[in-house]
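Asker: Take a look at entry.cif, mmCIF, C-alpha atoms and all ligand atoms:
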data_upload
#
loop_
_atom_site.label_atom_id
_atom_site.label_comp_id
_atom_site.auth_asym_id
_atom_site.auth_seq_id
_atom_site.Cartn_x
_atom_site.Cartn_y
_atom_site.Cartn_z
CA MET H 1 90.65 79.97 54.54
CA SER H 2 93.20 77.82 56.34
CA ARG H 3 92.26 75.80 59.41
CA VAL H 4 94.32 76.15 62.60
CA PHE H 5 94.27 73.70 65.51
CA SER H 6 96.19 73.62 68.76
CA GLY H 7 95.88 72.34 72.30
CA VAL H 8 97.23 72.86 75.79
CA GLN H 9 97.16 70.34 78.63
CA PRO H 10 95.28 71.33 81.79
CA THR H 11 98.09 70.07 83.98
CA GLY H 12 99.17 73.07 85.98
CA ASN H 13 99.77 76.76 85.81
CA ILE H 14 100.41 78.13 82.35
CA HIS H 15 103.84 79.71 82.21
CA ILE H 16 105.47 82.26 79.94
CA GLY H 17 107.05 79.42 77.93
CA ASN H 18 103.58 78.17 77.00
CA TYR H 19 102.50 81.74 76.29
CA LEU H 20 105.44 82.91 74.19
CA GLY H 21 105.94 79.57 72.45
CA ALA H 22 102.35 78.74 71.63
CA LEU H 23 99.42 80.68 73.12
CA ARG H 24 100.40 84.09 71.83
CA GLN H 25 100.20 82.83 68.25
CA PHE H 26 96.66 81.60 68.88
CA VAL H 27 95.46 85.18 69.14
CA ASP H 28 97.32 86.47 66.08
CA LEU H 29 95.95 83.66 63.92
CA GLN H 30 92.29 84.33 64.70
CA ASP H 31 91.90 86.97 62.03
CA GLY H 32 92.33 85.35 58.67
CA SER H 33 92.05 81.66 59.66
CA GLU H 34 89.44 79.36 61.06
CA CYS H 35 90.84 78.51 64.50
CA ILE H 36 90.07 75.61 66.82
CA TYR H 37 91.64 75.63 70.28
CA CYS H 38 91.33 72.69 72.59
CA ILE H 39 91.99 71.92 76.24
CA VAL H 40 93.49 68.47 75.95
CA ASP H 41 92.35 66.78 79.16
CA MET H 42 92.74 63.27 77.75
CA HIS H 43 96.42 63.99 77.20
CA ALA H 44 96.65 65.17 80.79
CA ILE H 45 95.59 61.75 82.13
CA THR H 46 98.55 60.03 80.47
CA VAL H 47 100.14 60.75 83.86
CA PRO H 48 98.24 60.54 87.19
CA GLN H 49 95.88 63.48 87.92
CA ASP H 50 93.76 64.40 90.89
CA PRO H 51 90.15 64.64 89.54
CA LYS H 52 89.30 67.84 91.45
CA GLU H 53 92.48 69.56 90.38
CA LEU H 54 92.01 68.44 86.78
CA LYS H 55 88.51 69.94 86.63
CA LYS H 56 89.80 73.21 88.05
CA HIS H 57 92.71 73.32 85.62
CA ILE H 58 90.41 72.72 82.63
CA LEU H 59 88.45 75.88 83.45
CA ASP H 60 91.65 77.76 84.29
CA VAL H 61 93.15 77.04 80.87
CA ALA H 62 89.88 77.92 79.14
CA ALA H 63 89.70 81.25 81.00
CA LEU H 64 93.35 81.94 80.24
CA TYR H 65 92.81 81.32 76.52
CA MET H 66 90.16 84.03 76.65
CA ALA H 67 92.15 86.33 78.94
CA ILE H 68 95.00 86.48 76.44
CA GLY H 69 92.58 87.33 73.65
CA VAL H 70 91.16 84.13 72.18
CA ASP H 71 87.62 85.12 71.27
CA PRO H 72 85.02 82.30 71.35
CA LYS H 73 82.97 84.27 68.81
CA LYS H 74 85.79 83.99 66.30
CA SER H 75 87.37 80.66 67.32
CA ILE H 76 86.05 77.30 68.47
CA VAL H 77 87.20 76.62 72.04
CA PHE H 78 86.36 73.27 73.64
CA VAL H 79 87.45 70.47 75.97
CA GLN H 80 88.88 67.40 74.22
CA SER H 81 86.96 64.75 76.20
CA ASP H 82 83.66 66.45 75.26
CA VAL H 83 84.19 65.35 71.64
CA LYS H 84 84.28 61.57 71.53
CA GLN H 85 85.72 61.33 68.02
CA HIS H 86 89.23 62.13 69.32
CA ALA H 87 89.45 58.76 71.06
CA GLU H 88 87.67 57.01 68.19
CA LEU H 89 90.07 58.27 65.56
CA GLY H 90 92.95 57.67 67.99
CA TRP H 91 92.26 53.93 67.87
CA ILE H 92 92.16 53.87 64.09
CA LEU H 93 95.43 55.81 63.90
CA ASN H 94 97.00 53.40 66.44
CA CYS H 95 96.47 50.68 63.88
CA ASN H 96 98.40 52.77 61.36
CA THR H 97 101.34 53.71 63.58
CA TYR H 98 104.37 51.57 64.36
CA MET H 99 105.77 50.71 67.79
CA GLY H 100 109.21 51.76 66.53
CA GLU H 101 107.98 55.25 65.66
CA LEU H 102 106.55 55.84 69.13
CA SER H 103 109.63 54.37 70.82
CA ARG H 104 111.72 57.11 69.19
CA MET H 105 109.69 60.02 70.62
CA THR H 106 111.96 62.08 72.87
CA GLN H 107 109.10 63.41 75.04
CA TYR H 108 108.11 59.85 75.87
CA LYS H 109 111.68 58.88 76.68
CA GLN H 110 112.00 61.86 79.05
CA LYS H 111 108.60 61.45 80.72
CA LYS H 112 109.01 57.69 81.10
CA GLN H 113 112.04 58.31 83.29
CA LYS H 114 110.01 60.47 85.65
CA SER H 115 107.28 57.86 86.01
CA GLU H 116 107.68 54.69 88.08
CA ASN H 117 105.26 52.73 85.97
CA PRO H 118 104.50 54.56 82.70
CA SER H 119 101.01 54.02 81.26
CA VAL H 120 100.27 52.78 77.74
CA GLY H 121 98.60 56.18 77.28
CA LEU H 122 101.90 57.98 77.85
CA PHE H 123 103.49 55.88 75.11
CA ASP H 124 100.51 56.48 72.83
CA TYR H 125 100.28 60.23 73.56
CA PRO H 126 101.56 61.31 70.10
CA VAL H 127 98.88 59.25 68.31
CA LEU H 128 96.08 60.97 70.24
CA MET H 129 97.73 64.26 69.32
CA ALA H 130 97.77 63.24 65.64
CA SER H 131 94.10 62.37 66.00
CA ASP H 132 93.33 65.85 67.43
CA ILE H 133 95.00 67.47 64.47
CA LEU H 134 93.79 65.23 61.62
CA LEU H 135 90.19 65.17 62.85
CA TYR H 136 89.75 68.81 61.84
CA ASP H 137 91.49 68.81 58.42
CA THR H 138 94.04 71.10 60.03
CA ASP H 139 96.47 73.04 57.83
CA VAL H 140 98.48 74.80 60.55
CA VAL H 141 99.44 73.79 64.11
CA PRO H 142 100.92 76.59 66.24
CA VAL H 143 103.07 74.98 68.96
CA GLY H 144 106.38 75.36 70.78
CA ASN H 145 109.56 73.86 69.35
CA ASP H 146 109.40 70.89 71.70
CA GLN H 147 106.42 69.55 69.69
CA LYS H 148 108.23 69.34 66.34
CA GLN H 149 108.70 65.59 66.50
CA HIS H 150 105.01 65.03 67.32
CA ILE H 151 103.92 67.19 64.38
CA GLU H 152 106.25 65.25 62.11
CA LEU H 153 104.60 62.02 63.27
CA ALA H 154 101.11 63.41 62.58
CA ARG H 155 102.27 64.28 59.05
CA ASP H 156 103.77 60.80 58.53
CA ILE H 157 100.54 59.13 59.68
CA ALA H 158 98.43 61.35 57.39
CA ILE H 159 100.65 60.62 54.38
CA ARG H 160 100.65 56.89 55.17
CA VAL H 161 96.85 56.66 55.49
CA ASN H 162 96.36 58.71 52.31
CA GLY H 163 98.74 56.33 50.51
CA LYS H 164 96.95 53.20 51.77
CA TYR H 165 93.31 54.29 51.58
CA GLY H 166 93.18 57.22 49.18
CA LYS H 167 93.00 60.92 50.14
CA THR H 168 91.60 60.92 53.67
CA PHE H 169 93.53 63.55 55.66
CA VAL H 170 94.96 67.01 55.13
CA VAL H 171 98.72 66.91 55.82
CA PRO H 172 99.31 69.53 58.54
CA GLU H 173 102.25 71.89 59.07
CA GLY H 174 103.74 73.10 62.36
CA ARG H 175 104.06 76.83 63.03
CA PHE H 176 106.83 77.84 65.38
CA MET H 177 107.57 81.30 66.76
CA LYS H 178 110.95 82.83 66.02
CA SER H 179 111.29 84.40 69.45
CA GLY H 180 110.06 82.60 72.53
CA ALA H 181 109.78 79.23 70.80
CA ARG H 182 111.85 77.67 73.54
CA VAL H 183 111.86 79.48 76.87
CA MET H 184 114.29 77.90 79.28
CA SER H 185 114.03 77.25 83.00
CA LEU H 186 115.12 80.16 85.21
CA ASP H 187 117.02 77.91 87.63
CA ASP H 188 118.60 75.71 84.97
CA PRO H 189 118.74 77.49 81.61
CA THR H 190 119.83 74.32 79.82
CA SER H 191 116.41 72.68 80.28
CA LYS H 192 113.05 74.01 79.03
CA MET H 193 110.69 75.91 81.30
CA SER H 194 108.11 73.35 82.33
CA LYS H 195 104.88 73.09 84.31
CA SER H 196 106.07 69.94 86.00
CA ASN H 197 109.38 71.24 87.42
CA PRO H 198 109.02 71.00 91.23
CA ASN H 199 110.98 74.25 91.71
CA GLU H 200 108.42 77.09 91.57
CA LYS H 201 111.14 79.65 90.90
CA SER H 202 112.10 77.84 87.69
CA ARG H 203 109.16 79.44 85.88
CA ILE H 204 106.99 82.53 85.64
CA CYS H 205 103.31 81.70 85.43
CA LEU H 206 100.89 84.06 83.70
CA LEU H 207 98.87 84.38 86.89
CA ASP H 208 101.77 84.82 89.33
CA GLU H 209 101.53 87.96 91.44
CA PRO H 210 103.94 90.75 90.49
CA GLY H 211 106.01 90.08 93.64
CA LYS H 212 106.49 86.45 92.70
CA VAL H 213 107.51 87.38 89.17
CA LYS H 214 110.10 89.70 90.68
CA LYS H 215 111.50 87.01 92.97
CA ALA H 216 111.78 84.48 90.14
CA ILE H 217 113.57 86.89 87.81
CA MET H 218 115.89 88.36 90.43
CA SER H 219 117.00 84.89 91.48
CA ALA H 220 117.39 83.54 87.91
CA THR H 221 120.67 81.73 87.30
CA THR H 222 123.21 83.80 85.34
CA ASP H 223 127.02 83.73 85.24
CA SER H 224 129.92 85.62 86.78
CA GLU H 225 131.09 87.53 83.68
CA GLY H 226 128.89 90.55 84.42
CA VAL H 227 128.50 91.53 80.74
CA ILE H 228 125.10 91.47 79.02
CA ARG H 229 125.62 89.70 75.71
CA TYR H 230 123.90 86.92 73.80
CA SER H 231 125.54 83.49 73.61
CA ILE H 232 123.36 80.47 74.31
CA LYS H 233 126.43 78.27 74.64
CA GLU H 234 128.54 80.44 76.94
CA LYS H 235 125.79 82.39 78.70
CA PRO H 236 122.55 80.34 78.62
CA GLY H 237 121.02 82.20 81.60
CA ILE H 238 121.47 85.76 80.31
CA SER H 239 120.59 84.68 76.77
CA ASN H 240 117.31 83.20 78.02
CA LEU H 241 116.49 86.43 79.89
CA LEU H 242 117.33 88.44 76.76
CA ASP H 243 114.98 86.25 74.73
CA ILE H 244 112.20 86.78 77.28
CA TYR H 245 112.84 90.55 77.32
CA SER H 246 112.76 90.65 73.52
CA ALA H 247 109.60 88.55 73.22
CA PHE H 248 107.66 90.72 75.68
CA SER H 249 108.98 94.13 74.60
CA GLY H 250 109.08 93.55 70.85
CA LYS H 251 112.64 94.95 70.75
CA SER H 252 115.36 92.93 69.05
CA VAL H 253 117.97 91.21 71.23
CA ALA H 254 120.70 93.28 69.52
CA LYS H 255 118.93 96.52 70.52
CA ILE H 256 118.51 95.40 74.13
CA VAL H 257 122.17 94.35 74.37
CA LYS H 258 123.16 97.81 73.11
CA GLU H 259 120.90 99.56 75.63
CA TYR H 260 122.48 97.66 78.52
CA GLU H 261 126.10 98.23 77.55
CA GLY H 262 128.00 99.05 80.74
CA HIS H 263 125.06 98.00 82.99
CA GLY H 264 125.10 95.13 85.47
CA TYR H 265 122.77 92.13 85.70
CA GLY H 266 120.87 93.74 88.58
CA ASP H 267 119.71 96.72 86.47
CA PHE H 268 118.80 94.49 83.57
CA LYS H 269 116.81 92.08 85.73
CA LYS H 270 114.94 94.92 87.45
CA ASP H 271 113.83 96.31 84.09
CA LEU H 272 112.87 92.85 82.90
CA VAL H 273 110.57 92.51 85.94
CA GLU H 274 108.83 95.71 84.78
CA VAL H 275 108.55 94.57 81.18
CA VAL H 276 107.07 91.19 82.15
CA ASN H 277 104.67 92.56 84.78
CA THR H 278 103.39 95.27 82.42
CA SER H 279 102.51 92.58 79.87
CA LEU H 280 100.93 90.25 82.41
CA ASP H 281 98.85 92.84 84.33
CA PRO H 282 95.94 93.01 81.83
CA ILE H 283 95.93 89.20 81.42
CA ARG H 284 95.64 88.70 85.19
CA ALA H 285 92.80 91.22 85.43
CA ARG H 286 90.80 89.70 82.56
CA PHE H 287 91.34 86.17 83.85
CA GLU H 288 89.63 86.91 87.18
CA GLU H 289 86.59 88.30 85.38
CA ILE H 290 86.23 85.45 82.90
CA ARG H 291 87.03 82.55 85.25
CA ASN H 292 84.03 83.39 87.43
CA SER H 293 81.56 84.12 84.63
CA LYS H 294 78.87 81.71 83.47
CA GLU H 295 79.67 82.59 79.86
CA LEU H 296 82.84 80.50 80.17
CA VAL H 297 81.03 77.15 80.47
CA GLU H 298 78.48 78.22 77.83
CA ALA H 299 81.29 79.03 75.38
CA LEU H 300 82.89 75.61 75.97
CA LYS H 301 79.60 73.77 75.44
CA ASP H 302 78.96 75.69 72.24
CA GLY H 303 82.55 74.99 71.13
CA ALA H 304 82.17 71.25 71.73
CA GLU H 305 79.03 71.17 69.63
CA LYS H 306 80.66 72.92 66.70
CA ALA H 307 83.80 70.78 66.97
CA SER H 308 81.72 67.56 67.07
CA GLU H 309 80.03 68.45 63.79
CA ILE H 310 83.34 68.86 61.97
CA ALA H 311 84.79 65.77 63.67
CA GLU H 312 81.84 63.61 62.69
CA ARG H 313 82.19 64.57 59.03
CA THR H 314 85.83 63.46 59.11
CA MET H 315 84.96 60.18 60.87
CA LYS H 316 82.41 59.32 58.18
CA ARG H 317 85.07 59.83 55.51
CA VAL H 318 87.70 57.84 57.42
CA LYS H 319 85.38 54.91 58.09
CA SER H 320 84.11 54.85 54.55
CA ASN H 321 87.64 54.93 53.05
CA MET H 322 88.79 52.16 55.39
CA GLY H 323 85.77 49.90 54.97
CA LEU H 324 84.69 50.20 58.60
CA GLY H 325 81.08 49.93 59.83
CA LEU H 326 77.93 49.33 57.83
P1 LIG H 401 105.21 69.87 80.81
O1 LIG H 401 106.47 70.64 80.80
O2 LIG H 401 104.67 69.61 82.16
O3 LIG H 401 105.23 68.68 79.91
P2 LIG H 401 104.41 71.96 79.18
O4 LIG H 401 104.85 73.14 79.95
O5 LIG H 401 105.27 71.50 78.04
O6 LIG H 401 104.14 70.80 80.16
P3 LIG H 401 102.06 71.73 77.47
O7 LIG H 401 100.64 71.85 77.81
O8 LIG H 401 102.53 70.36 77.18
O9 LIG H 401 102.96 72.29 78.65
O10 LIG H 401 102.42 72.72 76.29
C1 LIG H 401 101.58 73.74 75.79
C2 LIG H 401 102.28 74.48 74.68
O11 LIG H 401 103.39 75.23 75.20
C3 LIG H 401 102.91 73.60 73.59
O12 LIG H 401 102.67 74.16 72.32
C4 LIG H 401 104.36 73.58 73.89
O13 LIG H 401 105.14 73.40 72.75
C5 LIG H 401 104.57 74.97 74.45
N1 LIG H 401 105.69 75.02 75.40
C6 LIG H 401 105.83 74.30 76.52
N2 LIG H 401 106.96 74.61 77.16
C7 LIG H 401 107.56 75.58 76.42
C8 LIG H 401 108.77 76.33 76.56
N3 LIG H 401 109.56 76.17 77.61
N4 LIG H 401 109.07 77.23 75.62
C9 LIG H 401 108.26 77.44 74.56
N5 LIG H 401 107.10 76.76 74.36
C10 LIG H 401 106.75 75.84 75.27
N1 LIG H 402 101.33 67.79 73.07
C1 LIG H 402 100.96 69.16 73.09
C2 LIG H 402 99.51 69.38 73.46
C3 LIG H 402 98.64 68.92 72.36
C4 LIG H 402 98.51 69.53 71.08
C5 LIG H 402 97.57 68.74 70.37
C6 LIG H 402 99.10 70.63 70.48
C7 LIG H 402 97.81 67.84 72.37
N2 LIG H 402 97.16 67.73 71.19
C8 LIG H 402 97.22 69.03 69.05
C9 LIG H 402 98.75 70.91 69.15
C10 LIG H 402 97.83 70.12 68.46
C11 LIG H 402 101.82 69.87 74.05
O1 LIG H 402 101.74 71.00 74.05
N3 LIG H 402 102.61 69.32 74.84
#
Before anything else, please render the file you have as structure tokens.
Answerer:
Amino acid sequence: MSRVFSGVQPTGNIHIGNYLGALRQFVDLQDGSECIYCIVDMHAITVPQDPKELKKHILDVAALYMAIGVDPKKSIVFVQSDVKQHAELGWILNCNTYMGELSRMTQYKQKKQKSENPSVGLFDYPVLMASDILLYDTDVVPVGNDQKQHIELARDIAIRVNGKYGKTFVVPEGRFMKSGARVMSLDDPTSKMSKSNPNEKSRICLLDEPGKVKKAIMSATTDSEGVIRYSIKEKPGISNLLDIYSAFSGKSVAKIVKEYEGHGYGDFKKDLVEVVNTSLDPIRARFEEIRNSKELVEALKDGAEKASEIAERTMKRVKSNMGLGL
């Protein structure tokens, strides 16, 4: 059975980009693979966080995982900082990663610009991510397209260590969705939808009220042509909305374009509001139930225990192959 690992940062409200690009796959993969899903709080602190908010967001993400259908009876769900081997392996991988490799990471280059005084952790972020993945002998990593370069680095590190010290790590593969792999911002469809965009209307969060979803979609940037057709280059706004429509409804973009022949953007957007809200309604309802239950914390504790066992087995192998410890 193949092993699946993925993580989401508890840094804000989960949006439909996170859901369509990554989280939705988590649920599909549960039957037929051994899945491990993590809330990566140590990645979150690569940029400043308010401790109270961070704690709240950790439980929010955990509850959302379960609200969308991740089942802690089938999958291991845990908080990264509860398993100390992530940081331990991170150090060892640091010593097998080059400054040049990390300097080329586009996410770092972008995030560095937003930060007045970037931390070493922000620079080192991809190595901790490689550690998350390699610690569990992961075969498959379901993530959004924006993580391709980080997955490639994790593979390079695994191959390098295996070459130097003998077979130590499984070389992982990324798994990217065909539709929804890159959901764009509603206000600027040339940049990706992001948790950290200060404009609230740039995104639709899974827990937004139906009215807010409506406002965000109705005010989404489009163009003045007035024809619903797909062209990312010429019509990035409408194309993004078509992708979102397709991902939530399961209909192909071609079919949707055909259905809206002769219709204006207003009609199309109104229907899209319906499509999105119908999909989000059950998630919102389940979230409320789970977020306030005591089973949530129990499931995370149990998950951390199971994850630690697997992680410790890997650490023994790594240390032994590298000549570390007694
Ligand atoms: P930020 O934008 O603040 O860096 P984020 O929205 O990228 O945060 P993460 O926790 O870093 O959130 O990402 C969680 C998962 O969602 C990752 O697998 C990532 O690839 C995916 N993802 C993030 N944004 C998008 C997007 N706009 N479209 C598709 N997938 C996305
Ligand atoms: N960098 C990822 C979050 C992340 C992750 C991981 C994803 C941290 N560790 C391990 C998959 C596997 C992001 O989504 N921005």
Asker: Taking a cut-off of 10 Å and counting all atoms listed in the file, can you build a table that, for each residue of stretch 9-75 of chain H near stretch 226-245 of chain H, reports the nearest atom pair and how far apart they are in Å (one decimal), sorted by chain then residue number, as JSON lines?
Answerer:
{"residue": "H:Ile16", "atom": "CA", "partner": "H:Ile244", "partner_atom": "CA", "distance": 8.5}
{"residue": "H:Gly17", "atom": "CA", "partner": "H:Ile244", "partner_atom": "CA", "distance": 9.0}
{"residue": "H:Leu20", "atom": "CA", "partner": "H:Ile244", "partner_atom": "CA", "distance": 8.4}
Asker: Could you write out the selected residues, including C-alpha atoms, as a compact mmCIF listing (two decimals), keeping the file's coordinate frame?
Answerer:
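Writing done, so here's out12.txt:
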# COMPACT_ATOMS: atom_id res chain seq x y z
CA ILE H 16 105.47 82.26 79.94
CA GLY H 17 107.05 79.42 77.93
CA LEU H 20 105.44 82.91 74.19
Asker: From the options H:Phe5, H:Pro198, H:Val79, H:Ser219, which residue's atoms come nearest to H:Ile151, counting all atoms listed in the file?
Answerer: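 Closest residue, counting all atoms listed in the file: H:Phe5.
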Asker: Mind checking which residues fall within 10 Å of stretch 289-294 of chain H, counting all atoms listed in the file, ignoring those fewer than 6 positions away in the same chain, and posting them as a PyMOL selection string?
Answerer: chain H and resi 59-64+66-67
Asker: List all protein, DNA and RNA residues that have any atom at most 6 Å from ligand LIG 401 (chain H), counting all atoms listed in the file, and write the list as a list in words.
Answerer: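 Listed by chain and ascending number, the contacts are Val8, Gln9, Gly17, Asn18, Gly21, Ala22, Val143, Gly144, Asn145, Asp146, Gln147, Gly180, Ala181, Arg182, Val183, Met184, Lys192, Met193, Ser194, Lys195 and Ser196 of chain H.
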Asker: Kindly provide the residues of chain H that approach ligand LIG 402 (chain H) to within 9 Å, each paired with its closest atom pair and their distance in Å to one decimal, based on all atoms listed in the file, listed by chain and increasing number, as JSON lines.
Answerer:
{"residue": "H:Phe5", "atom": "CA", "partner": "H:LIG402", "partner_atom": "C10", "distance": 5.8}
{"residue": "H:Ser6", "atom": "CA", "partner": "H:LIG402", "partner_atom": "C9", "distance": 3.7}
{"residue": "H:Gly7", "atom": "CA", "partner": "H:LIG402", "partner_atom": "C4", "distance": 4.0}
{"residue": "H:Val8", "atom": "CA", "partner": "H:LIG402", "partner_atom": "C2", "distance": 4.8}
{"residue": "H:Gln9", "atom": "CA", "partner": "H:LIG402", "partner_atom": "C2", "distance": 5.8}
{"residue": "H:Asn18", "atom": "CA", "partner": "H:LIG402", "partner_atom": "O1", "distance": 8.0}
{"residue": "H:Ala22", "atom": "CA", "partner": "H:LIG402", "partner_atom": "O1", "distance": 8.1}
{"residue": "H:Tyr37", "atom": "CA", "partner": "H:LIG402", "partner_atom": "C10", "distance": 8.5}
{"residue": "H:Cys38", "atom": "CA", "partner": "H:LIG402", "partner_atom": "C5", "distance": 7.7}
{"residue": "H:Ile39", "atom": "CA", "partner": "H:LIG402", "partner_atom": "C7", "distance": 8.1}
{"residue": "H:Val40", "atom": "CA", "partner": "H:LIG402", "partner_atom": "C7", "distance": 5.6}
{"residue": "H:Asp41", "atom": "CA", "partner": "H:LIG402", "partner_atom": "C7", "distance": 8.8}
{"residue": "H:Met42", "atom": "CA", "partner": "H:LIG402", "partner_atom": "C7", "distance": 8.7}
{"residue": "H:His43", "atom": "CA", "partner": "H:LIG402", "partner_atom": "C7", "distance": 6.3}
{"residue": "H:Ala44", "atom": "CA", "partner": "H:LIG402", "partner_atom": "C7", "distance": 8.9}
{"residue": "H:Gln80", "atom": "CA", "partner": "H:LIG402", "partner_atom": "N2", "distance": 8.8}
{"residue": "H:Gln107", "atom": "CA", "partner": "H:LIG402", "partner_atom": "N3", "distance": 8.8}
{"residue": "H:Tyr125", "atom": "CA", "partner": "H:LIG402", "partner_atom": "N1", "distance": 7.6}
{"residue": "H:Pro126", "atom": "CA", "partner": "H:LIG402", "partner_atom": "N1", "distance": 7.1}
{"residue": "H:Leu128", "atom": "CA", "partner": "H:LIG402", "partner_atom": "N2", "distance": 6.9}
{"residue": "H:Met129", "atom": "CA", "partner": "H:LIG402", "partner_atom": "N2", "distance": 4.0}
{"residue": "H:Ala130", "atom": "CA", "partner": "H:LIG402", "partner_atom": "C8", "distance": 6.7}
{"residue": "H:Ser131", "atom": "CA", "partner": "H:LIG402", "partner_atom": "C8", "distance": 8.0}
{"residue": "H:Asp132", "atom": "CA", "partner": "H:LIG402", "partner_atom": "C8", "distance": 5.3}
{"residue": "H:Ile133", "atom": "CA", "partner": "H:LIG402", "partner_atom": "C8", "distance": 5.3}
{"residue": "H:Val141", "atom": "CA", "partner": "H:LIG402", "partner_atom": "C9", "distance": 5.8}
{"residue": "H:Pro142", "atom": "CA", "partner": "H:LIG402", "partner_atom": "C9", "distance": 6.7}
{"residue": "H:Val143", "atom": "CA", "partner": "H:LIG402", "partner_atom": "C9", "distance": 5.9}
{"residue": "H:Gly144", "atom": "CA", "partner": "H:LIG402", "partner_atom": "O1", "distance": 7.2}
{"residue": "H:Asp146", "atom": "CA", "partner": "H:LIG402", "partner_atom": "N3", "distance": 7.6}
{"residue": "H:Gln147", "atom": "CA", "partner": "H:LIG402", "partner_atom": "C11", "distance": 6.3}
{"residue": "H:His150", "atom": "CA", "partner": "H:LIG402", "partner_atom": "N1", "distance": 7.4}
{"residue": "H:Ile151", "atom": "CA", "partner": "H:LIG402", "partner_atom": "C10", "distance": 7.9}
{"residue": "H:Gly174", "atom": "CA", "partner": "H:LIG402", "partner_atom": "C9", "distance": 8.7}
Asker: Which value, in Å to one decimal, gives the distance between atom CA of H:Val318 and atom CA of H:Glu88?
Answerer: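 Atom CA of H:Glu88 lies 10.8 Å from atom CA of H:Val318.
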Asker: Provide the atom CA of H:Ala158 to atom CA of H:Leu300 distance in Å, to one decimal place.
Answerer: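 Straight-line distance from atom CA of H:Ala158 to atom CA of H:Leu300 works out to 28.1 Å.
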Asker: Could you tell me which of H:Arg286, H:Arg317, H:His57, H:Lys214 comes closest to H:Val70 if we count all atoms listed in the file?
Answerer: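 When distances to H:Val70 are compared using all atoms listed in the file, the smallest one comes from H:Arg286.
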Asker: In Å, rounded to a single decimal, give me how far atom CA of H:Leu326 is from atom CA of H:Arg313.
Answerer: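 Going from atom CA of H:Arg313 over to atom CA of H:Leu326 covers 15.9 Å.
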Asker: Neighbouring residues of H:Val273 were defined as those with any atom within 12 Å, considering only C-alpha atoms; residues of the same chain fewer than 5 positions away were excluded. Please report them as a list in words.
Answerer: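 Listing them by chain and then by number gives Ile204, Glu209, Pro210, Gly211, Lys212, Val213, Lys214, Lys215, Ala216, Ile217, Met218, Ser219, Ala220, Leu241, Ile244, Tyr245, Phe248, Ser249, Gly266, Asp267, Phe268, Thr278, Ser279, Leu280 and Asp281 of chain H.
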Asker: Selected residues, C-alpha atoms, written as a short mmCIF file (atom, residue, chain, number, x, y, z; two decimals), keeping the file's coordinate frame, please.
Answerer:
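selection-v4.cif was written with the following content:
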data_model
loop_
_atom_site.label_atom_id
_atom_site.label_comp_id
_atom_site.auth_asym_id
_atom_site.auth_seq_id
_atom_site.Cartn_x
_atom_site.Cartn_y
_atom_site.Cartn_z
CA ILE H 204 106.99 82.53 85.64
CA GLU H 209 101.53 87.96 91.44
CA PRO H 210 103.94 90.75 90.49
CA GLY H 211 106.01 90.08 93.64
CA LYS H 212 106.49 86.45 92.70
CA VAL H 213 107.51 87.38 89.17
CA LYS H 214 110.10 89.70 90.68
CA LYS H 215 111.50 87.01 92.97
CA ALA H 216 111.78 84.48 90.14
CA ILE H 217 113.57 86.89 87.81
CA MET H 218 115.89 88.36 90.43
CA SER H 219 117.00 84.89 91.48
CA ALA H 220 117.39 83.54 87.91
CA LEU H 241 116.49 86.43 79.89
CA ILE H 244 112.20 86.78 77.28
CA TYR H 245 112.84 90.55 77.32
CA PHE H 248 107.66 90.72 75.68
CA SER H 249 108.98 94.13 74.60
CA GLY H 266 120.87 93.74 88.58
CA ASP H 267 119.71 96.72 86.47
CA PHE H 268 118.80 94.49 83.57
CA THR H 278 103.39 95.27 82.42
CA SER H 279 102.51 92.58 79.87
CA LEU H 280 100.93 90.25 82.41
CA ASP H 281 98.85 92.84 84.33
#
Asker: When you count all atoms listed in the file, which of these residues is closest to H:Val4: H:Asn94, H:Gln30, H:Ser185, H:Ser103?
Answerer: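 Closest candidate: H:Gln30.
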